[in-house]
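*Asks:* Take a look at final.txt, compact mmCIF, C-alpha atoms:
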# COMPACT_ATOMS: atom_id res chain seq x y z
CA MET A 3 0.00 0.00 0.00
CA MET A 4 1.41 3.35 -0.98
CA LEU A 5 2.18 5.52 2.00
CA VAL A 6 1.10 9.09 1.47
CA ILE A 7 3.50 11.59 2.96
CA ILE A 8 1.37 14.16 4.66
CA LEU A 9 2.12 17.82 5.03
CA PHE A 10 0.27 19.70 7.72
CA ALA A 11 -1.86 22.63 6.75
CA CYS A 12 -1.69 25.29 9.41
CA LEU A 13 -5.04 24.19 10.80
CA ALA A 14 -3.28 21.01 11.92
CA LEU A 15 -0.02 22.56 13.02
CA GLY A 16 1.44 24.12 16.10
CA GLY A 17 -0.40 22.06 18.66
CA ALA A 18 -3.90 23.00 17.49
CA ALA A 19 -6.71 20.51 17.98
CA GLN A 20 -6.65 17.80 15.32
CA LEU A 21 -9.58 17.55 12.93
CA LYS A 22 -11.74 14.43 12.69
CA GLU A 23 -13.40 12.66 9.76
CA THR A 24 -16.03 14.76 7.93
CA ASP A 25 -14.74 18.01 9.50
CA ALA A 26 -14.21 20.88 7.06
CA CYS A 27 -10.55 21.55 6.34
CA GLU A 28 -8.47 24.02 4.38
CA THR A 29 -4.87 24.04 3.18
CA GLU A 30 -2.83 26.70 1.45
CA HIS A 31 -4.11 25.40 -1.88
CA TYR A 32 -7.64 24.02 -1.46
CA LYS A 33 -10.68 23.39 0.73
CA GLY A 34 -12.17 20.01 1.54
CA ASN A 35 -13.35 17.62 4.22
CA CYS A 36 -11.33 15.29 6.41
CA ALA A 37 -11.42 11.64 5.35
CA VAL A 38 -9.25 8.53 5.24
CA SER A 39 -7.63 8.05 1.82
CA ARG A 40 -9.87 5.15 0.78
CA ASN A 41 -12.89 7.41 1.23
CA CYS A 42 -11.43 10.09 -1.02
CA PRO A 43 -11.70 8.59 -4.54
CA GLN A 44 -11.29 11.98 -6.21
CA LEU A 45 -7.94 12.67 -4.51
CA SER A 46 -5.68 11.84 -7.43
CA ASP A 47 -7.79 13.60 -10.08
CA SER A 48 -8.27 16.68 -7.90
CA MET A 49 -4.57 17.01 -7.12
CA ASN A 50 -3.68 16.62 -10.82
CA ALA A 51 -6.29 19.21 -11.80
CA MET A 52 -4.82 21.70 -9.34
CA GLY A 53 -1.26 21.00 -10.46
CA LEU A 54 -0.34 19.73 -7.00
CA THR A 55 1.63 16.71 -5.79
CA HIS A 56 1.18 14.32 -2.87
CA ASN A 57 3.40 16.66 -0.84
CA ASP A 58 0.59 19.23 -0.93
CA ILE A 59 -2.05 16.96 0.60
CA GLY A 60 -3.33 18.39 3.88
CA HIS A 61 -3.33 16.39 7.10
CA CYS A 62 -6.15 16.27 9.66
CA ASP A 63 -5.32 13.50 12.16
CA PHE A 64 -4.77 9.77 12.58
CA THR A 65 -7.24 7.00 13.27
CA GLU A 66 -5.85 3.99 15.09
CA PHE A 67 -4.62 2.48 11.85
CA GLU A 68 -4.91 5.14 9.14
CA GLU A 69 -4.20 8.76 8.41
CA ILE A 70 -7.01 11.24 7.97
CA ILE A 71 -6.24 13.61 5.10
CA CYS A 72 -7.85 16.79 3.86
CA CYS A 73 -9.82 15.39 0.93
CA PRO A 74 -10.39 18.07 -1.75
CA ASN A 75 -13.95 18.97 -2.62
CA SER A 76 -15.04 17.31 -5.85
CA ALA A 77 -15.73 20.72 -7.36
CA VAL A 78 -12.08 21.79 -7.08
CA THR A 79 -10.60 21.95 -10.57
CA SER A 80 -7.90 24.57 -10.45
CA THR A 81 -5.08 25.69 -8.23
CA THR A 82 -5.85 28.42 -5.72
CA THR A 83 -2.98 30.62 -4.69
CA ALA A 84 -2.73 32.15 -1.26
CA LYS A 85 -2.77 35.92 -1.24
CA PRO A 86 0.37 37.64 0.11
CA SER A 87 -1.63 38.82 3.12
CA ASP A 88 -2.50 35.19 3.97
CA ILE A 89 1.13 34.27 4.62
CA THR A 90 3.17 35.97 7.30
CA THR A 91 6.91 35.36 7.34
CA THR A 92 9.26 37.63 9.24
CA ALA A 93 13.03 37.72 9.28
CA PRO A 94 14.71 35.72 12.04
CA LEU A 95 15.04 37.53 15.33
CA PRO A 96 18.53 38.11 16.75
CA GLY A 97 20.21 34.80 17.47
CA ASN A 98 18.23 33.02 14.76
CA MET A 99 15.06 32.80 16.82
CA THR A 100 11.84 32.52 14.92
CA SER A 101 8.69 34.61 15.00
CA ARG A 102 7.09 33.17 11.86
CA THR A 103 3.38 32.71 12.36
CA CYS A 104 1.62 29.47 11.59
CA ASN A 105 0.06 30.29 8.23
CA ILE A 106 2.35 28.07 6.17
CA ASP A 107 3.83 24.65 6.67
CA ARG A 108 7.30 24.55 8.18
CA PRO A 109 10.15 22.31 6.99
CA ALA A 110 10.27 20.84 10.50
CA ASP A 111 6.59 19.88 10.27
CA ARG A 112 7.08 18.27 6.88
CA ALA A 113 10.03 16.30 8.24
CA CYS A 114 7.89 15.22 11.17
CA ARG A 115 5.25 13.80 8.84
CA ASN A 116 7.92 11.58 7.27
CA ILE A 117 9.14 10.48 10.67
CA GLU A 118 5.66 9.63 11.92
CA MET A 119 4.82 7.53 8.88
CA ALA A 120 7.09 4.75 10.15
CA LEU A 121 5.68 5.08 13.66
CA MET A 122 2.09 4.42 12.62
CA PRO A 123 0.50 1.16 13.81
CA SER A 124 -0.11 0.14 10.19
CA SER A 125 3.56 0.50 9.24
CA ILE A 126 5.69 -2.62 9.04
CA ASN A 127 8.84 -1.04 10.41
CA HIS A 128 7.41 0.77 13.40
CA ILE A 129 9.38 1.02 16.62
CA ILE A 130 7.40 -1.38 18.83
CA GLY A 131 9.79 -3.84 20.42
CA GLY A 132 12.79 -1.63 19.74
CA THR A 133 14.90 0.54 21.99
CA GLU A 134 13.03 3.12 24.03
CA TYR A 135 14.04 6.65 23.00
CA PRO A 136 15.73 5.51 19.75
CA HIS A 137 16.49 9.16 18.97
CA MET A 138 18.96 9.48 21.84
CA ALA A 139 22.56 10.15 20.86
CA LYS A 140 25.69 10.20 22.96
CA ILE A 141 28.51 12.49 21.90
CA VAL A 142 32.07 11.18 22.14
CA TYR A 143 34.97 13.60 22.63
CA ASP A 144 38.74 13.50 22.41
CA ASP A 145 38.60 14.04 26.19
CA LYS A 146 36.87 11.25 28.10
CA ASP A 147 35.85 13.63 30.89
CA MET A 148 33.44 15.53 28.63
CA VAL A 149 29.91 14.10 28.53
CA CYS A 150 26.92 15.35 26.52
CA GLY A 151 23.87 13.94 24.83
CA GLY A 152 21.88 14.85 21.77
CA THR A 153 18.79 14.07 19.73
CA LEU A 154 18.69 12.54 16.27
CA ILE A 155 16.27 14.72 14.27
CA ASP A 156 17.29 13.72 10.73
CA LYS A 157 19.40 11.06 9.06
CA ARG A 158 22.32 13.51 9.04
CA PHE A 159 21.78 15.78 12.05
CA VAL A 160 21.81 15.63 15.83
CA LEU A 161 20.41 18.43 17.95
CA THR A 162 22.39 19.34 21.07
CA ALA A 163 23.51 22.30 23.19
CA ALA A 164 25.97 24.85 21.82
CA HIS A 165 28.22 24.47 24.86
CA CYS A 166 28.53 20.75 24.06
CA ILE A 167 30.25 21.43 20.73
CA THR A 168 32.24 24.60 21.43
CA ARG A 169 34.02 23.75 24.68
CA ARG A 170 37.60 25.00 24.49
CA GLY A 171 40.19 22.24 24.66
CA MET A 172 37.67 19.49 23.86
CA LYS A 173 36.60 18.35 20.42
CA PRO A 174 33.51 16.25 19.64
CA ILE A 175 34.65 13.48 17.29
CA LYS A 176 31.74 11.07 16.86
CA VAL A 177 28.21 10.17 17.90
CA ILE A 178 26.95 6.85 19.24
CA LEU A 179 23.39 5.83 18.35
CA GLY A 180 21.32 2.77 19.19
CA VAL A 181 22.56 2.36 22.77
CA THR A 182 20.61 3.36 25.84
CA ASP A 183 22.35 0.98 28.28
CA PHE A 184 26.12 0.93 27.93
CA ASN A 185 26.27 -2.14 30.19
CA ASP A 186 24.18 -4.09 27.69
CA THR A 187 26.61 -6.14 25.60
CA GLU A 188 24.09 -6.79 22.84
CA GLN A 189 23.26 -3.10 22.49
CA TRP A 190 26.93 -2.17 22.48
CA GLN A 191 27.81 -4.70 19.79
CA GLY A 192 24.98 -3.39 17.61
CA ARG A 193 25.81 0.27 18.18
CA LEU A 194 26.02 2.80 15.37
CA GLU A 195 29.08 5.05 15.54
CA ILE A 196 29.30 7.92 13.08
CA ASP A 197 32.04 10.53 12.81
CA ILE A 198 31.17 14.21 13.04
CA LYS A 199 31.53 16.21 9.85
CA ALA A 200 30.65 19.70 11.12
CA THR A 201 28.99 21.58 13.99
CA TYR A 202 26.78 24.68 13.99
CA VAL A 203 25.71 27.21 16.62
CA PRO A 204 23.59 30.39 16.42
CA GLN A 205 25.48 33.52 15.40
CA ASN A 206 24.81 35.21 18.76
CA TYR A 207 25.98 32.33 20.91
CA SER A 208 28.84 33.03 23.31
CA SER A 209 30.53 30.60 25.67
CA PHE A 210 30.37 33.40 28.25
CA SER A 211 26.56 33.26 28.27
CA TYR A 212 23.77 30.75 28.88
CA TYR A 213 21.67 32.29 26.11
CA PHE A 214 21.31 30.83 22.57
CA ASP A 215 22.61 27.52 23.92
CA ILE A 216 21.58 25.28 21.05
CA GLY A 217 23.60 23.60 18.34
CA LEU A 218 23.62 21.04 15.54
CA ILE A 219 25.97 18.22 14.68
CA GLU A 220 26.24 17.18 11.04
CA LEU A 221 27.14 13.51 10.71
CA ALA A 222 29.73 12.30 8.22
CA ARG A 223 27.19 9.87 6.73
CA ASP A 224 23.52 9.04 6.94
CA ALA A 225 22.33 7.18 10.04
CA ASP A 226 20.87 3.78 9.24
CA PHE A 227 17.37 3.74 10.72
CA SER A 228 16.20 0.70 12.66
CA VAL A 229 14.12 -0.17 15.71
CA LYS A 230 17.09 1.06 17.76
CA VAL A 231 17.97 4.18 15.77
CA TYR A 232 15.24 6.54 14.64
CA PRO A 233 14.79 10.34 14.64
CA THR A 234 12.11 12.24 16.49
CA CYS A 235 10.08 15.37 15.78
CA LEU A 236 10.58 18.96 16.87
CA HIS A 237 7.89 20.87 18.74
CA THR A 238 7.06 23.82 16.49
CA ASP A 239 4.28 25.56 18.42
CA PRO A 240 5.60 28.96 19.59
CA THR A 241 2.89 29.32 22.23
CA ASP A 242 3.48 28.32 25.82
CA LEU A 243 2.76 24.75 26.86
CA PRO A 244 0.17 24.22 29.61
CA GLU A 245 1.75 23.85 33.02
CA ASN A 246 0.33 20.35 33.46
CA THR A 247 1.94 19.01 30.28
CA GLU A 248 3.90 15.84 31.00
CA ILE A 249 7.51 16.41 29.99
CA ILE A 250 10.37 13.92 30.02
CA GLU A 251 14.07 14.64 30.25
CA THR A 252 16.49 11.89 29.20
CA GLY A 253 20.24 11.57 29.56
CA TRP A 254 23.25 9.77 30.99
CA GLY A 255 24.08 12.40 33.60
CA ARG A 256 25.41 12.05 37.09
CA THR A 257 23.26 10.26 39.65
CA GLU A 258 22.78 11.06 43.34
CA SER A 259 26.01 9.12 43.98
CA ASN A 260 27.86 11.56 41.67
CA ASN A 261 28.63 8.79 39.18
CA LEU A 262 27.78 8.99 35.49
CA SER A 263 24.96 6.65 34.62
CA LYS A 264 25.61 3.86 32.12
CA HIS A 265 21.88 3.43 31.63
CA LEU A 266 19.74 6.10 30.03
CA MET A 267 17.72 7.84 32.73
CA ALA A 268 14.32 9.44 32.19
CA ALA A 269 12.74 11.91 34.60
CA LYS A 270 9.27 13.43 34.52
CA MET A 271 9.46 17.19 34.81
CA ASN A 272 7.01 19.99 35.56
CA LEU A 273 7.14 23.19 33.55
CA ILE A 274 7.56 26.36 35.57
CA PRO A 275 6.39 29.75 34.23
CA LEU A 276 9.23 32.18 33.56
CA PRO A 277 8.20 34.72 36.26
CA LYS A 278 8.19 31.99 38.88
CA CYS A 279 11.42 30.58 37.52
CA ASN A 280 13.15 33.94 37.73
CA ALA A 281 11.96 34.25 41.31
CA GLU A 282 13.61 30.90 42.05
CA PHE A 283 16.86 32.21 40.57
CA LYS A 284 16.78 35.63 42.27
CA ASN A 285 19.70 34.70 44.53
CA TYR A 286 21.58 32.85 41.79
CA ILE A 287 24.50 35.05 40.76
CA ASP A 288 26.20 34.17 37.50
CA ARG A 289 27.57 36.57 34.87
CA ARG A 290 26.41 34.12 32.20
CA LEU A 291 22.80 34.87 33.10
CA ARG A 292 22.85 38.67 33.04
CA HIS A 293 19.16 39.31 32.41
CA GLY A 294 17.65 36.24 34.02
CA ILE A 295 15.70 33.47 32.32
CA ASP A 296 14.22 34.86 29.10
CA GLU A 297 11.63 33.87 26.49
CA THR A 298 14.15 31.75 24.54
CA GLN A 299 14.42 29.41 27.50
CA LEU A 300 12.22 26.91 29.33
CA CYS A 301 12.23 26.14 33.03
CA ALA A 302 11.31 22.77 34.53
CA LEU A 303 11.73 20.92 37.79
CA ALA A 304 11.05 17.57 39.37
CA PRO A 305 12.19 17.36 43.03
CA GLY A 306 15.42 15.40 43.22
CA LYS A 307 15.53 14.91 39.45
CA ASP A 308 16.97 18.15 38.11
CA ALA A 309 19.25 18.22 35.07
CA CYS A 310 22.65 17.13 36.37
CA TRP A 311 26.02 17.45 34.73
CA GLY A 312 26.25 15.04 31.82
CA ASN A 313 22.65 15.51 30.68
CA SER A 314 23.62 18.63 28.74
CA GLY A 315 22.50 18.67 25.13
CA GLY A 316 19.86 16.01 25.65
CA PRO A 317 16.17 16.50 24.95
CA LEU A 318 13.26 17.75 27.00
CA GLN A 319 10.33 16.13 25.26
CA ILE A 320 6.58 15.78 25.35
CA ILE A 321 4.93 12.44 24.66
CA LYS A 322 2.55 12.09 21.74
CA GLU A 323 2.32 8.28 21.81
CA LYS A 324 4.83 6.49 24.00
CA ALA A 325 3.91 3.01 22.73
CA TYR A 326 5.27 4.05 19.33
CA ASN A 327 8.15 6.20 20.59
CA ASN A 328 6.42 9.25 19.21
CA TYR A 329 7.76 12.36 20.95
CA ARG A 330 8.23 16.08 20.36
CA VAL A 331 11.45 17.79 21.46
CA VAL A 332 10.51 21.05 23.16
CA GLY A 333 13.85 21.92 24.73
CA VAL A 334 17.57 21.18 24.93
CA VAL A 335 19.22 20.72 28.33
CA SER A 336 21.32 23.83 28.94
CA PHE A 337 22.15 24.04 32.64
CA GLY A 338 20.71 23.15 36.02
CA GLY A 339 20.90 24.18 39.61
CA ASN A 340 23.83 21.89 40.33
CA CYS A 341 21.39 18.98 40.77
CA ARG A 342 19.84 20.82 43.71
CA ASN A 343 16.32 22.07 44.11
CA LEU A 344 16.68 24.84 41.55
CA PRO A 345 14.88 24.33 38.22
CA GLY A 346 16.69 23.09 35.17
CA ILE A 347 17.01 25.53 32.27
CA TYR A 348 16.43 24.43 28.70
CA THR A 349 16.80 26.19 25.37
CA SER A 350 13.40 26.42 23.68
CA VAL A 351 13.43 24.59 20.35
CA ALA A 352 10.43 26.53 19.01
CA LYS A 353 12.36 29.79 19.34
CA PHE A 354 15.22 28.57 17.12
CA LEU A 355 13.37 26.85 14.30
CA ASP A 356 14.70 29.20 11.63
CA PHE A 357 18.26 28.41 12.71
CA ILE A 358 17.60 24.64 12.74
CA GLU A 359 15.66 24.54 9.48
CA SER A 360 18.19 26.63 7.57
CA ILE A 361 20.83 23.97 8.25
CA VAL A 362 18.94 20.67 8.43
CA TRP A 363 16.33 21.33 5.74
CA PRO A 364 17.79 24.25 3.70
CA GLU A 365 15.64 23.44 0.67
CA GLY A 366 12.50 23.93 2.75
For this file, produce the structure as structure tokens.
*Replies:*
Amino acid sequence: MMLVIILFACLALGGAAQLKETDACETEHYKGNCAVSRNCPQLSDSMNAMGLTHNDIGHCDFTEFEEIICCPNSAVTSTTTAKPSDITTTAPLPGNMTSRTCNIDRPADRACRNIEMALMPSSINHIIGGTEYPHMAKIVYDDKDMVCGGTLIDKRFVLTAAHCITRRGMKPIKVILGVTDFNDTEQWQGRLEIDIKATYVPQNYSSFSYYFDIGLIELARDADFSVKVYPTCLHTDPTDLPENTEIIETGWGRTESNNLSKHLMAAKMNLIPLPKCNAEFKNYIDRRLRHGIDETQLCALAPGKDACWGNSGGPLQIIKEKAYNNYRVVGVVSFGGNCRNLPGIYTSVAKFLDFIESIVWPEG
């Protein structure tokens, strides 16, 4: 069965409520009603008549086993072009942050649709039975004392923290994928090790600051996807997440005994609003945090489970469907309160989408 690669229309992007079968839908190019593909017999003819490809098909939601697409109205016979006023794109903010509004599909959303196709229950190669968190990456340095994690977001790119790839005197040399427990002989023997080709950080990043602490690692070759190695999606909604959203931080950081963990640890975190977070840090004096926690950062805390040294660069993620390892990376571990009761600080992925997309998906 041909798998249709779905591109979100803005009505289905950015965390908005998903549409159900028979609901009215609208993409940049056409109007229609939500339906599973087998109930949309005019799909091919309508797309051809409008001069569109399968990449322009709108997405509404998923059933348990199928995708719900935006099925064009039968009356549609020609391409409709969005007016300039219907699309709002602004230049990147300083530091490559993004303020683009959700009126057009983002490269990160299109990439996510590809990723999720293999995670669907109807797909043969879905992740069930594989390694939990198959997107986790461990960075290896020319200095064994340096420890950082990362997130596989594309066959060639790993998302991490800027300070993990710009530390003076230490050079990241390769990435290990497919291993969550380094004491597991079978996992270790089946590991995927790939050399690092290049690294990227935002233009405004400085090692003397905690701001703009996000970076990308370009691998020397494509990662071979499997049940143990598979990328995950980015969270692209620029609006604030509800405080009760379940968020998971994963990494191989130091434990309460001050030893680095050989087994990937996962901790449930609670988001903390920035005003409250800044109040928590009012007595925290550090020249690298000159104007407090700002809108490019996220703040989260779970008592006794703060981001410890060694978790840097790893993901803060929300769960879409854990059974299928379907997550959204909302933040990158930047720094914590020395594993004490201060919140952990994370770089907000949604604020740096322009930076990420310009490198990972430069063709759009």
*Asks:* Give me, as a list of chain:residue names, all polymer residues having an atom no more than 9 Å from Glu282 of chain A, counting all atoms listed in the file and skipping those fewer than 5 positions away in the same chain.
*Replies:*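 The residues satisfying every condition are A:Pro277, A:Leu344, A:Pro345.
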*Asks:* Around (-6.7, 16.4, 7.8) in the file's own coordinates, what residues are found within 8 Å if you use all atoms listed in the file, given back as a count of residues only?
*Replies:* 19
*Asks:* Would you tabulate, counting all atoms listed in the file, all residues of segment 109-190 of chain A that have an atom at most 12 Å from an atom of segment 205-208 of chain A, showing the closest pair of atoms and their distance in Å to one decimal, sorted by chain then ascending number, as a tab-separated table?
*Replies:*
residue	atom	partner	partner_atom	distance
A:Ala163	CA	A:Tyr207	CA	10.6
A:Ala164	CA	A:Tyr207	CA	7.5
A:His165	CA	A:Ser208	CA	8.7
A:Ile167	CA	A:Tyr207	CA	11.7
A:Thr168	CA	A:Ser208	CA	9.3
A:Arg169	CA	A:Ser208	CA	10.7
A:Arg170	CA	A:Ser208	CA	11.9
*Asks:* Using only C-alpha atoms, can you tell me which of A:Tyr232, A:Tyr32, A:Phe214, A:Phe159 comes closest to Asn328 of chain A?
*Replies:*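 When distances to Asn328 of chain A are compared using only C-alpha atoms, the smallest one comes from A:Tyr232.
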*Asks:* Between A:Leu262, A:Leu218, A:Ala200, A:Val231, which has the minimum distance to Gly180 of chain A (counting all atoms listed in the file)?
*Replies:*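 Among A:Leu262, A:Leu218, A:Ala200, A:Val231, it is A:Val231 that comes nearest to Gly180 of chain A.
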*Asks:* Restricting the calculation to all atoms listed in the file, which member of A:Pro43, A:Gly53, A:Pro240, A:Pro233 is positioned closest to Ala139 of chain A?
*Replies:* A:Pro233
*Asks:* Kindly indicate which residue among A:Lys278, A:Glu323, A:Ile287, A:Thr201 lies nearest to Phe64 of chain A, using all atoms listed in the file for the distances.
*Replies:*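 Closest residue, counting all atoms listed in the file: A:Glu323.
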*Asks:* For a test of reading the model, state the distance in Å between atom CA of Ala302 of chain A and atom CA of Tyr348 of chain A, rounded to one decimal.
*Replies:* 7.9 Å
*Asks:* Using all atoms listed in the file, which residue out of A:Glu297, A:Asp239, A:Asp224, A:Glu69 lies closest to Pro275 of chain A?
*Replies:*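 Among the listed residues, the smallest separation from Pro275 of chain A belongs to A:Glu297.
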*Asks:* Would you mind reading off the distance between atom CA of His137 of chain A and atom CA of Thr182 of chain A, one decimal, in Å?
*Replies:*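 Straight-line distance from atom CA of His137 of chain A to atom CA of Thr182 of chain A works out to 9.9 Å.
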*Asks:* Could you please determine the separation between atom CA of Gly34 of chain A and atom CA of Ala110 of chain A in Å, to one decimal place?
*Replies:*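 Taking atom CA of Gly34 of chain A and atom CA of Ala110 of chain A, their separation equals 24.2 Å.
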*Asks:* So which residues touch Leu221 of chain A within 9 Å, counting only C-alpha atoms, skipping near sequence neighbours fewer than 2 positions away, as an mmCIF file with C-alpha atoms, in the frame of the given file?
*Replies:*
data_model
loop_
_atom_site.group_PDB
_atom_site.id
_atom_site.type_symbol
_atom_site.label_atom_id
_atom_site.label_comp_id
_atom_site.auth_asym_id
_atom_site.auth_seq_id
_atom_site.Cartn_x
_atom_site.Cartn_y
_atom_site.Cartn_z
ATOM 1 C CA LYS A 157 19.400 11.060 9.060
ATOM 2 C CA ARG A 158 22.320 13.510 9.040
ATOM 3 C CA PHE A 159 21.780 15.780 12.050
ATOM 4 C CA VAL A 160 21.810 15.630 15.830
ATOM 5 C CA LYS A 176 31.740 11.070 16.860
ATOM 6 C CA VAL A 177 28.210 10.170 17.900
ATOM 7 C CA ILE A 196 29.300 7.920 13.080
ATOM 8 C CA ASP A 197 32.040 10.530 12.810
ATOM 9 C CA ILE A 198 31.170 14.210 13.040
ATOM 10 C CA LYS A 199 31.530 16.210 9.850
ATOM 11 C CA ALA A 200 30.650 19.700 11.120
ATOM 12 C CA THR A 201 28.990 21.580 13.990
ATOM 13 C CA ILE A 219 25.970 18.220 14.680
ATOM 14 C CA ARG A 223 27.190 9.870 6.730
ATOM 15 C CA ASP A 224 23.520 9.040 6.940
ATOM 16 C CA ALA A 225 22.330 7.180 10.040
#
